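What follows is the content of upload-v7.cif, which has mmCIF, C-alpha atoms:
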```
data_final
#
loop_
_atom_site.label_atom_id
_atom_site.label_comp_id
_atom_site.auth_asym_id
_atom_site.auth_seq_id
_atom_site.Cartn_x
_atom_site.Cartn_y
_atom_site.Cartn_z
CA MET X 63 34.71 -34.16 -34.39
CA THR X 64 35.48 -37.86 -34.97
CA LEU X 65 36.38 -40.25 -32.20
CA PRO X 66 38.61 -43.17 -33.27
CA PRO X 67 36.56 -46.37 -33.70
CA PRO X 68 37.30 -48.96 -31.04
CA ASP X 69 39.37 -51.95 -32.04
CA PRO X 70 37.98 -55.46 -31.34
CA ALA X 71 39.90 -55.68 -28.08
CA ASP X 72 38.16 -52.52 -26.87
CA ARG X 73 34.63 -53.81 -27.46
CA ARG X 74 34.50 -55.39 -24.02
CA ARG X 75 35.61 -52.18 -22.32
CA ARG X 76 33.18 -49.87 -20.58
CA PRO X 77 32.52 -46.68 -22.56
CA GLU X 78 34.21 -44.44 -19.97
CA SER X 79 37.51 -46.24 -20.48
CA LEU X 80 37.44 -45.19 -24.14
CA LEU X 81 36.48 -41.62 -23.27
CA ALA X 82 38.70 -41.22 -20.21
CA GLY X 83 40.79 -38.66 -22.06
CA LEU X 84 37.92 -36.20 -21.64
CA ASP X 85 38.72 -36.13 -17.92
CA LEU X 86 41.85 -34.18 -18.81
CA LEU X 87 39.71 -31.26 -19.96
CA GLY X 88 39.18 -28.34 -17.61
CA SER X 89 35.74 -27.79 -19.15
CA ALA X 90 32.65 -29.95 -18.67
CA ALA X 91 32.14 -32.58 -21.38
CA VAL X 92 29.13 -34.85 -21.97
CA VAL X 93 28.74 -37.53 -24.64
CA LEU X 94 25.16 -38.43 -25.64
CA ASP X 95 23.73 -41.31 -27.65
CA PRO X 96 21.07 -40.92 -30.39
CA HIS X 97 18.32 -40.96 -27.74
CA GLY X 98 19.91 -38.18 -25.69
CA ALA X 99 21.06 -40.58 -22.96
CA ILE X 100 24.36 -39.94 -21.21
CA VAL X 101 27.17 -42.19 -22.39
CA PHE X 102 29.86 -40.38 -20.43
CA ILE X 103 30.33 -37.22 -18.38
CA ASN X 104 33.82 -36.12 -17.35
CA GLN X 105 34.94 -35.00 -13.90
CA ALA X 106 34.50 -31.30 -14.67
CA GLY X 107 30.96 -32.10 -15.84
CA GLU X 108 30.21 -33.97 -12.63
CA GLN X 109 31.26 -30.92 -10.63
CA LEU X 110 29.40 -28.43 -12.82
CA PHE X 111 26.10 -30.32 -12.89
CA GLU X 112 26.50 -31.85 -9.40
CA VAL X 113 25.98 -35.42 -10.61
CA SER X 114 27.89 -38.71 -10.63
CA ASN X 115 28.91 -40.30 -13.93
CA ARG X 116 28.38 -43.75 -12.43
CA LEU X 117 24.84 -43.00 -11.25
CA ILE X 118 23.60 -40.86 -14.12
CA ARG X 119 24.99 -42.81 -17.08
CA GLY X 120 22.13 -43.98 -19.32
CA GLN X 121 19.73 -41.25 -18.15
CA ASN X 122 18.38 -38.62 -20.50
CA PHE X 123 20.59 -35.53 -20.13
CA ALA X 124 17.89 -33.06 -21.19
CA ARG X 125 15.65 -34.20 -18.32
CA LEU X 126 18.09 -32.67 -15.83
CA PHE X 127 16.89 -29.23 -16.89
CA VAL X 128 13.60 -27.36 -16.92
CA ASN X 129 14.39 -26.09 -20.42
CA GLY X 130 16.00 -29.30 -21.65
CA GLY X 131 14.42 -28.91 -25.07
CA ILE X 132 17.61 -27.07 -26.07
CA ILE X 133 19.56 -30.31 -25.58
CA ASP X 134 16.95 -32.43 -27.35
CA SER X 135 17.19 -30.15 -30.41
CA LEU X 136 20.98 -30.50 -30.52
CA VAL X 137 20.75 -34.30 -30.34
CA LEU X 138 18.17 -34.35 -33.13
CA ASP X 139 20.29 -32.08 -35.35
CA ALA X 140 23.39 -34.19 -34.67
CA CYS X 141 21.51 -37.34 -35.75
CA ARG X 142 20.52 -35.56 -38.94
CA ALA X 143 24.10 -34.40 -39.52
CA ALA X 144 22.76 -30.83 -39.58
CA PHE X 145 26.04 -29.43 -38.22
CA GLY X 146 29.64 -30.31 -37.50
CA HIS X 147 30.30 -27.81 -34.73
CA LYS X 148 27.92 -25.33 -33.15
CA HIS X 149 28.79 -22.70 -30.55
CA GLN X 150 26.23 -20.82 -28.47
CA GLU X 151 25.67 -19.24 -25.08
CA LEU X 152 22.73 -20.61 -23.13
CA VAL X 153 21.13 -20.75 -19.70
CA LEU X 154 20.21 -24.20 -18.35
CA GLU X 155 17.60 -24.02 -15.60
CA ARG X 156 17.40 -26.65 -12.86
CA THR X 157 14.57 -27.19 -10.39
CA GLY X 158 15.53 -25.91 -6.96
CA ARG X 159 19.03 -24.85 -8.03
CA GLU X 160 20.76 -21.87 -9.52
CA PRO X 161 20.43 -21.48 -13.32
CA LEU X 162 23.66 -22.19 -15.16
CA GLU X 163 24.90 -19.53 -17.62
CA LEU X 164 27.14 -21.41 -20.02
CA SER X 165 29.16 -21.11 -23.18
CA SER X 166 28.60 -24.36 -25.07
CA THR X 167 30.16 -26.14 -28.04
CA ALA X 168 28.28 -29.01 -29.67
CA ALA X 169 30.22 -31.40 -31.88
CA ALA X 170 28.53 -34.11 -33.94
CA LEU X 171 30.35 -37.44 -33.55
CA ASP X 172 30.95 -40.18 -36.04
CA SER X 173 31.43 -42.95 -33.53
CA PRO X 174 29.59 -46.01 -32.18
CA LEU X 175 29.98 -44.47 -28.73
CA GLY X 176 27.67 -41.53 -29.31
CA VAL X 177 26.32 -38.96 -31.71
CA LEU X 178 26.99 -35.74 -29.78
CA LEU X 179 29.77 -34.28 -27.65
CA LEU X 180 28.78 -31.23 -25.59
CA GLU X 181 31.40 -29.03 -23.98
CA PHE X 182 30.35 -26.41 -21.42
CA ARG X 183 32.18 -23.48 -19.82
CA PRO X 184 30.52 -21.32 -17.15
CA ILE X 185 30.27 -17.67 -18.15
CA ALA X 186 28.41 -16.47 -15.04
CA GLN X 187 31.58 -15.00 -13.54
CA ARG X 188 32.42 -13.00 -16.67
CA LEU X 189 28.86 -11.78 -17.07
CA ARG X 190 28.67 -10.88 -13.39
CA GLN X 191 31.86 -8.84 -13.56
CA GLU X 192 30.60 -6.99 -16.65
CA ARG X 193 27.27 -6.24 -14.96
CA GLU X 194 29.02 -5.20 -11.77
CA SER X 195 31.39 -2.84 -13.56
CA LYS X 196 28.49 -1.24 -15.41
CA LEU X 197 26.49 -0.98 -12.19
CA LEU X 198 29.33 0.63 -10.24
CA ASP X 199 30.00 3.17 -13.00
CA SER X 200 26.31 4.05 -13.24
CA ALA X 201 25.95 4.29 -9.47
CA GLN X 202 28.93 6.65 -9.19
CA ALA X 203 27.59 8.90 -11.96
CA ASN X 204 24.13 8.94 -10.42
CA ARG X 205 25.46 9.75 -6.95
CA GLU X 206 27.31 12.77 -8.31
CA LEU X 207 24.27 13.87 -10.27
CA VAL X 208 21.98 13.53 -7.27
CA ARG X 209 24.34 15.36 -4.93
CA ASN X 210 24.75 18.27 -7.33
CA LEU X 211 21.04 18.41 -8.07
CA ALA X 212 20.10 18.24 -4.38
CA HIS X 213 22.42 21.12 -3.50
CA GLU X 214 21.05 23.17 -6.41
CA ILE X 215 17.50 22.58 -5.16
CA LYS X 216 18.16 23.29 -1.47
CA ASN X 217 19.03 26.98 -1.69
CA PRO X 218 16.09 28.20 -3.81
CA LEU X 219 13.79 25.93 -1.82
CA GLY X 220 14.72 27.70 1.40
CA GLY X 221 14.14 31.09 -0.26
CA LEU X 222 10.76 29.95 -1.57
CA ARG X 223 9.63 28.83 1.88
CA GLY X 224 10.84 32.04 3.51
CA ALA X 225 9.05 34.19 0.93
CA ALA X 226 5.81 32.25 1.50
CA GLN X 227 6.07 32.83 5.26
CA LEU X 228 6.59 36.57 4.78
CA LEU X 229 3.72 36.74 2.30
CA GLU X 230 1.46 34.96 4.78
CA THR X 231 1.95 37.71 7.37
CA GLU X 232 0.83 40.33 4.82
CA LEU X 233 -2.35 38.58 3.70
CA PRO X 234 -5.55 39.91 5.25
CA SER X 235 -7.75 36.88 4.58
CA PRO X 236 -7.38 33.44 6.27
CA ALA X 237 -8.63 31.88 3.02
CA LEU X 238 -5.65 33.32 1.16
CA ARG X 239 -3.27 32.01 3.85
CA GLU X 240 -4.32 28.49 2.90
CA TYR X 241 -2.41 28.95 -0.35
CA THR X 242 0.78 30.03 1.43
CA GLN X 243 0.43 27.01 3.72
CA VAL X 244 0.32 24.77 0.65
CA ILE X 245 3.58 26.36 -0.56
CA ILE X 246 5.23 25.96 2.86
CA LYS X 247 4.16 22.31 3.29
CA GLU X 248 5.26 21.33 -0.22
CA ALA X 249 8.61 23.08 0.34
CA ASP X 250 9.03 21.09 3.57
CA ARG X 251 8.19 17.86 1.74
CA LEU X 252 10.78 18.58 -0.95
CA GLN X 253 13.32 19.53 1.72
CA ALA X 254 12.79 16.14 3.39
CA LEU X 255 13.27 14.41 0.03
CA VAL X 256 16.52 16.30 -0.60
CA ASP X 257 17.75 15.38 2.89
CA ARG X 258 17.10 11.71 2.13
CA LEU X 259 19.00 11.98 -1.15
CA LEU X 260 21.99 13.44 0.68
CA ALA X 261 21.74 11.10 3.71
CA PRO X 262 24.41 8.54 2.60
CA HIS X 263 27.03 11.32 2.42
CA ARG X 264 26.25 13.15 5.66
CA HIS X 265 26.88 10.68 8.45
CA ALA X 266 30.22 9.11 9.32
CA ARG X 267 30.23 5.32 9.38
CA VAL X 268 30.55 3.57 12.73
CA VAL X 269 32.70 0.52 11.91
CA GLN X 270 32.94 -2.26 14.49
CA PRO X 271 33.15 -6.08 14.63
CA MET X 272 29.73 -7.62 14.04
CA ASN X 273 27.88 -10.81 13.17
CA ILE X 274 25.99 -10.45 9.91
CA HIS X 275 23.31 -12.86 11.16
CA GLU X 276 22.35 -10.32 13.82
CA VAL X 277 21.49 -7.98 10.95
CA PHE X 278 19.33 -10.62 9.25
CA GLU X 279 17.57 -11.51 12.51
CA ARG X 280 16.87 -7.89 13.40
CA VAL X 281 15.26 -7.26 10.00
CA ARG X 282 13.36 -10.56 10.05
CA SER X 283 11.85 -9.91 13.49
CA VAL X 284 10.74 -6.37 12.56
CA VAL X 285 9.15 -7.33 9.24
CA GLN X 286 7.63 -10.52 10.67
CA ALA X 287 5.95 -8.50 13.44
CA GLU X 288 4.65 -6.10 10.80
CA TYR X 289 3.12 -8.72 8.45
CA GLY X 290 2.40 -11.69 10.69
CA PRO X 291 2.45 -15.43 9.89
CA SER X 292 1.20 -15.01 6.30
CA LEU X 293 4.73 -13.93 5.43
CA VAL X 294 7.05 -16.93 5.81
CA PHE X 295 10.78 -16.45 6.38
CA GLU X 296 13.19 -19.27 5.55
CA ARG X 297 16.58 -18.89 7.23
CA ASP X 298 19.49 -20.57 5.45
CA TYR X 299 22.53 -19.40 7.40
CA ASP X 300 26.13 -20.56 7.32
CA ALA X 301 26.96 -20.63 11.03
CA SER X 302 30.70 -20.77 10.30
CA LEU X 303 30.87 -17.24 8.86
CA PRO X 304 33.58 -15.11 10.51
CA GLU X 305 32.97 -11.77 12.19
CA PHE X 306 32.81 -8.83 9.85
CA ARG X 307 33.83 -5.21 10.41
CA GLY X 308 31.11 -2.87 9.25
CA ASP X 309 28.51 -0.28 10.16
CA LYS X 310 25.73 -2.35 11.69
CA GLU X 311 23.04 0.32 11.40
CA GLN X 312 23.81 0.94 7.74
CA LEU X 313 23.67 -2.77 6.94
CA ILE X 314 20.40 -3.16 8.84
CA GLN X 315 19.01 -0.39 6.65
CA VAL X 316 20.33 -2.13 3.53
CA VAL X 317 18.68 -5.47 4.32
CA MET X 318 15.53 -3.77 5.66
CA ASN X 319 15.01 -1.86 2.41
CA ILE X 320 15.37 -5.03 0.32
CA VAL X 321 13.20 -7.22 2.59
CA ARG X 322 10.48 -4.57 2.90
CA ASN X 323 10.33 -4.26 -0.88
CA ALA X 324 9.97 -8.04 -1.10
CA ALA X 325 7.19 -8.06 1.51
CA LEU X 326 5.33 -5.31 -0.35
CA ALA X 327 5.70 -7.16 -3.66
CA LEU X 328 4.24 -10.26 -1.97
CA ALA X 329 1.40 -8.19 -0.47
CA GLY X 330 2.43 -9.63 2.89
CA ALA X 331 1.75 -13.25 1.90
CA GLY X 332 4.55 -15.38 0.48
CA ARG X 333 8.04 -16.67 1.20
CA ILE X 334 11.31 -14.81 1.72
CA ILE X 335 14.62 -16.68 1.99
CA LEU X 336 17.52 -15.13 3.93
CA ARG X 337 20.74 -16.91 2.97
CA SER X 338 24.35 -16.38 4.02
CA ARG X 339 27.45 -17.95 2.53
CA ILE X 340 31.16 -17.29 2.20
CA SER X 341 32.61 -16.50 -1.23
CA ARG X 342 36.30 -17.11 -1.96
CA GLN X 343 38.54 -15.34 -4.47
CA THR X 344 35.76 -12.92 -5.38
CA VAL X 345 36.32 -9.96 -7.68
CA ILE X 346 34.45 -6.79 -6.64
CA GLY X 347 35.04 -3.52 -8.44
CA GLY X 348 38.07 -4.93 -10.22
CA ARG X 349 39.74 -6.05 -6.97
CA ARG X 350 40.13 -9.68 -5.92
CA HIS X 351 39.26 -10.53 -2.33
CA LYS X 352 40.22 -13.77 -0.59
CA LEU X 353 36.96 -13.85 1.37
CA ALA X 354 33.65 -12.06 1.03
CA LEU X 355 30.25 -12.36 2.64
CA ASP X 356 27.75 -13.65 0.06
CA LEU X 357 24.26 -12.69 1.24
CA HIS X 358 20.98 -13.41 -0.54
CA VAL X 359 17.41 -12.18 -0.13
CA ILE X 360 15.06 -14.24 -2.31
CA ASP X 361 11.29 -13.95 -2.66
CA ASN X 362 8.67 -15.81 -4.69
CA GLY X 363 6.76 -12.70 -5.72
CA PRO X 364 5.71 -11.49 -9.17
CA GLY X 365 9.16 -10.14 -10.02
CA ILE X 366 10.41 -6.67 -10.89
CA PRO X 367 8.72 -5.06 -13.92
CA GLU X 368 10.93 -5.52 -16.96
CA ALA X 369 10.67 -1.82 -17.82
CA ILE X 370 12.67 -0.82 -14.72
CA ARG X 371 14.70 -3.98 -14.09
CA ASP X 372 17.96 -2.40 -15.25
CA ARG X 373 17.35 0.85 -13.34
CA ILE X 374 16.16 -0.26 -9.92
CA PHE X 375 19.25 1.13 -8.16
CA PHE X 376 18.82 4.57 -9.73
CA PRO X 377 17.40 7.29 -7.46
CA LEU X 378 13.66 8.00 -7.77
CA VAL X 379 12.97 4.81 -9.79
CA SER X 380 10.17 2.77 -8.23
CA GLY X 381 7.92 -0.01 -9.45
CA ARG X 382 5.36 0.65 -6.74
CA GLU X 383 2.61 3.25 -6.69
CA GLY X 384 3.56 5.88 -4.12
CA GLY X 385 7.12 4.56 -3.71
CA SER X 386 9.91 7.10 -3.28
CA GLY X 387 12.44 5.15 -5.35
CA LEU X 388 15.18 5.86 -2.79
CA GLY X 389 15.35 2.59 -0.83
CA LEU X 390 17.51 0.55 -3.23
CA SER X 391 19.61 3.56 -4.22
CA LEU X 392 20.36 4.16 -0.54
CA ALA X 393 21.11 0.44 0.00
CA GLN X 394 23.55 0.39 -2.92
CA SER X 395 25.33 3.50 -1.58
CA PHE X 396 25.74 1.97 1.90
CA VAL X 397 27.03 -1.33 0.48
CA GLN X 398 29.50 0.47 -1.79
CA GLN X 399 30.79 2.39 1.22
CA HIS X 400 31.69 -1.06 2.60
CA GLY X 401 33.54 -1.90 -0.64
CA GLY X 402 30.77 -4.23 -1.80
CA VAL X 403 28.04 -4.41 -4.39
CA ILE X 404 24.38 -5.44 -4.70
CA GLU X 405 23.16 -7.43 -7.70
CA CYS X 406 19.65 -8.45 -8.65
CA GLU X 407 18.15 -11.18 -10.82
CA SER X 408 14.38 -11.22 -11.24
CA ARG X 409 11.75 -13.17 -13.08
CA PRO X 410 8.12 -14.00 -12.21
CA GLY X 411 8.15 -16.28 -9.16
CA ARG X 412 11.72 -15.51 -8.09
CA THR X 413 13.53 -12.28 -7.31
CA GLU X 414 17.00 -12.56 -5.81
CA PHE X 415 19.13 -9.78 -4.39
CA ARG X 416 22.77 -10.71 -3.78
CA ILE X 417 24.96 -8.61 -1.48
CA LEU X 418 28.75 -9.12 -1.68
CA LEU X 419 30.78 -7.60 1.16
CA PRO X 420 34.57 -8.14 1.19
CA ILE X 421 36.12 -9.41 4.42
CA VAL X 422 39.77 -9.71 3.34
#
```
Could you express the structure from this file as structure tokens?
Amino acid sequence: MTLPPPDPADRRRRPESLLAGLDLLGSAAVVLDPHGAIVFINQAGEQLFEVSNRLIRGQNFARLFVNGGIIDSLVLDACRAAFGHKHQELVLERTGREPLELSSTAAALDSPLGVLLLEFRPIAQRLRQERESKLLDSAQANRELVRNLAHEIKNPLGGLRGAAQLLETELPSPALREYTQVIIKEADRLQALVDRLLAPHRHARVVQPMNIHEVFERVRSVVQAEYGPSLVFERDYDASLPEFRGDKEQLIQVVMNIVRNAALALAGAGRIILRSRISRQTVIGGRRHKLALDLHVIDNGPGIPEAIRDRIFFPLVSGREGGSGLGLSLAQSFVQQHGGVIECESRPGRTEFRILLPIV
């Protein structure tokens, strides 16, 4: 891309006056000089990166990001005329802020104003909708599978237990009865597991007006009492959230399962953030909602093992020794009964569960 060279009358103008046309773009645009310093950032860029063109002009753009080496490489290649246009999808990470998933176009400039024009478009919404659709489809298929499997197990399990009880009455030796007791106890254990698998489908929901912060506070107080001061809770609540109609006990169970998993991953010593926000014009399950509760549970633990990261909401999948693998599956079922969805992003040092619950 070539910007028109300024005429002599334009030499006294500030750079942004020559690049003001970029403000007409709906996408974020940044012009960089050969040293990677910001010559101009348009209004969409100011909003996307939460900066001011006036204050940030002249600063190194790559230094805004933890992984700014991506930007440095593009500037270097532009100076070498290694490309004309380059398109790629990338994630720019910022300290203390949400990572930005972006579709980017880099254009080498032949202009005194700069060597590189970067255009960015957020792709987080598209990626989130794709992940959500896949998650909902998988969850529905797994629920049906689990229900059918649980019903198939229940009947023979009852017969097995009954036969062991009858056999026990016929055995002459107490030592032999120990074996029938093993059969009976294991049958009872499996029966309890089947009951837990079927639990989300057995009880009618009790829907009533409620404050979602009461759910957070109930869970926080229980888990805090269990682990003590070594587990630090940070509450980041939006006090302006409206009342929400839902099943309070189900949602307490949802948040409890997520927070308890976080506490266990932290071994009882670390930080858990409970955050509430409002989300507008949110698409959940292919439907657009004007308002939705946007809830987050964030911990600074070791992260979810990569081997199970894409399957954590499946029944019987657990990353913890001795875990049942039912907590997150149950939480997802309860949230979906409210028309919402749970998402998860995890890496070492930060695991974030996001719960979206439509209001209207």
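Between Arg333 in chain X and the candidates X:Phe295, X:Ile320, X:Asp309, X:Leu171, the tightest atom-to-atom separation, counting only C-alpha atoms, involves X:Phe295.
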Could you give me, as a PyMOL selection string, the residues within 12 Å of Gly158 in chain X, counting all atoms listed in the file and dropping anything in the same chain fewer than 4 positions from it?
chain X and resi 126-128+412
Any chance you could resolve the PyMOL selection byres ((chain X and resi 85) around 12) against this file and give the residues as a PyMOL selection string?
chain X and resi 78-84+86-92+102-109+115+181
With all atoms listed in the file as the counted atoms, please give the residues lying no more than 8 Å from range 405-407 of chain X, apart from itself and same-chain residues fewer than 4 positions off, as a ChimeraX atom specification.
/X:194,413-417
Under the PyMOL selection byres ((chain X and resi 324) around 9), which residues of this model are included? Write them out as number ranges by chain.
X: 319-323, 325-330, 334, 359-363, 413
Determine the residue membership of the PyMOL selection byres ((chain X and resi 302) around 12) for the file above and supply it as a PDB file with C-alpha atoms, in the frame of the given file.
```pdb
ATOM      1  CA  ASN X 273      27.880 -10.810  13.170  1.00  0.00           C
ATOM      2  CA  ILE X 274      25.990 -10.450   9.910  1.00  0.00           C
ATOM      3  CA  HIS X 275      23.310 -12.860  11.160  1.00  0.00           C
ATOM      4  CA  TYR X 299      22.530 -19.400   7.400  1.00  0.00           C
ATOM      5  CA  ASP X 300      26.130 -20.560   7.320  1.00  0.00           C
ATOM      6  CA  ALA X 301      26.960 -20.630  11.030  1.00  0.00           C
ATOM      7  CA  LEU X 303      30.870 -17.240   8.860  1.00  0.00           C
ATOM      8  CA  PRO X 304      33.580 -15.110  10.510  1.00  0.00           C
ATOM      9  CA  GLU X 305      32.970 -11.770  12.190  1.00  0.00           C
ATOM     10  CA  SER X 338      24.350 -16.380   4.020  1.00  0.00           C
ATOM     11  CA  ARG X 339      27.450 -17.950   2.530  1.00  0.00           C
ATOM     12  CA  ILE X 340      31.160 -17.290   2.200  1.00  0.00           C
ATOM     13  CA  LEU X 355      30.250 -12.360   2.640  1.00  0.00           C
TER      14      LEU X 355
END
```
CA of Arg119 in chain X and CA of Phe145 in chain X are how many Å apart?
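It comes out at 25.0 Å.
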Nearest to Leu392 in chain X: which of X:Val285, X:Ala249, X:Ile370, X:Ile404 is it, counting all atoms listed in the file?
X:Ile404
Ranking X:Ile118, X:Leu238, X:Val317, X:Val93 by minimum distance to Leu180 in chain X and counting all atoms listed in the file, which one comes first?
X:Val93
Excluding Leu219 in chain X and any residue of its chain fewer than 6 positions from it, enumerate the residues within 12 Å of it, using all atoms listed in the file, and give them as a compact mmCIF listing (two decimals) with C-alpha atoms, keeping the file's coordinate frame.
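Output saved as result.txt:
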```txt
# COMPACT_ATOMS: atom_id res chain seq x y z
CA ALA X 212 20.10 18.24 -4.38
CA HIS X 213 22.42 21.12 -3.50
CA ALA X 225 9.05 34.19 0.93
CA ALA X 226 5.81 32.25 1.50
CA ILE X 245 3.58 26.36 -0.56
CA ILE X 246 5.23 25.96 2.86
CA LYS X 247 4.16 22.31 3.29
CA GLU X 248 5.26 21.33 -0.22
CA ALA X 249 8.61 23.08 0.34
CA ASP X 250 9.03 21.09 3.57
CA ARG X 251 8.19 17.86 1.74
CA LEU X 252 10.78 18.58 -0.95
CA GLN X 253 13.32 19.53 1.72
CA ALA X 254 12.79 16.14 3.39
CA LEU X 255 13.27 14.41 0.03
CA VAL X 256 16.52 16.30 -0.60
```
What separates CA of His97 in chain X and CA of Leu175 in chain X is a distance of 12.2 Å
Enter the distance from CA of Val397 in chain X to CA of Gln315 in chain X, in Å, rounded to one decimal.
10.2 Å
Of the candidates X:Pro234, X:Gly332, X:Pro271, X:Pro364, which one gets nearest to Glu296 in chain X if we count all atoms listed in the file?
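Checking each candidate against Glu296 in chain X, we get X:Gly332 as the closest.
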Of the listed residues X:Ile366, X:Leu179, X:Leu162, X:Val345, that which approaches Glu112 in chain X most closely, counting all atoms listed in the file:
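Of all the options, X:Leu162 lies closest to Glu112 in chain X.
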May I have the centre and edge lengths, in Å to one decimal, of an axis-aligned box around the listed atoms of range 299-310 of chain X with 3 Å added to every side, as AutoDock Vina command-line options?
```
--center_x 28.2 --center_y -10.5 --center_z 9.8 --size_x 17.3 --size_y 26.5 --size_z 10.9
```
List the spatial neighbours of Asp95 in chain X as a PyMOL selection string - criterion: any atom at most 8 Å away, all atoms listed in the file, same-chain residues fewer than 4 positions off excluded.
chain X and resi 99-101+175-178
Nearest to Arg159 in chain X by atom-to-atom distance, counting all atoms listed in the file, from X:Leu419, X:Ala393, X:Leu110, X:Met318
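Nearest to Arg159 in chain X: X:Leu110.
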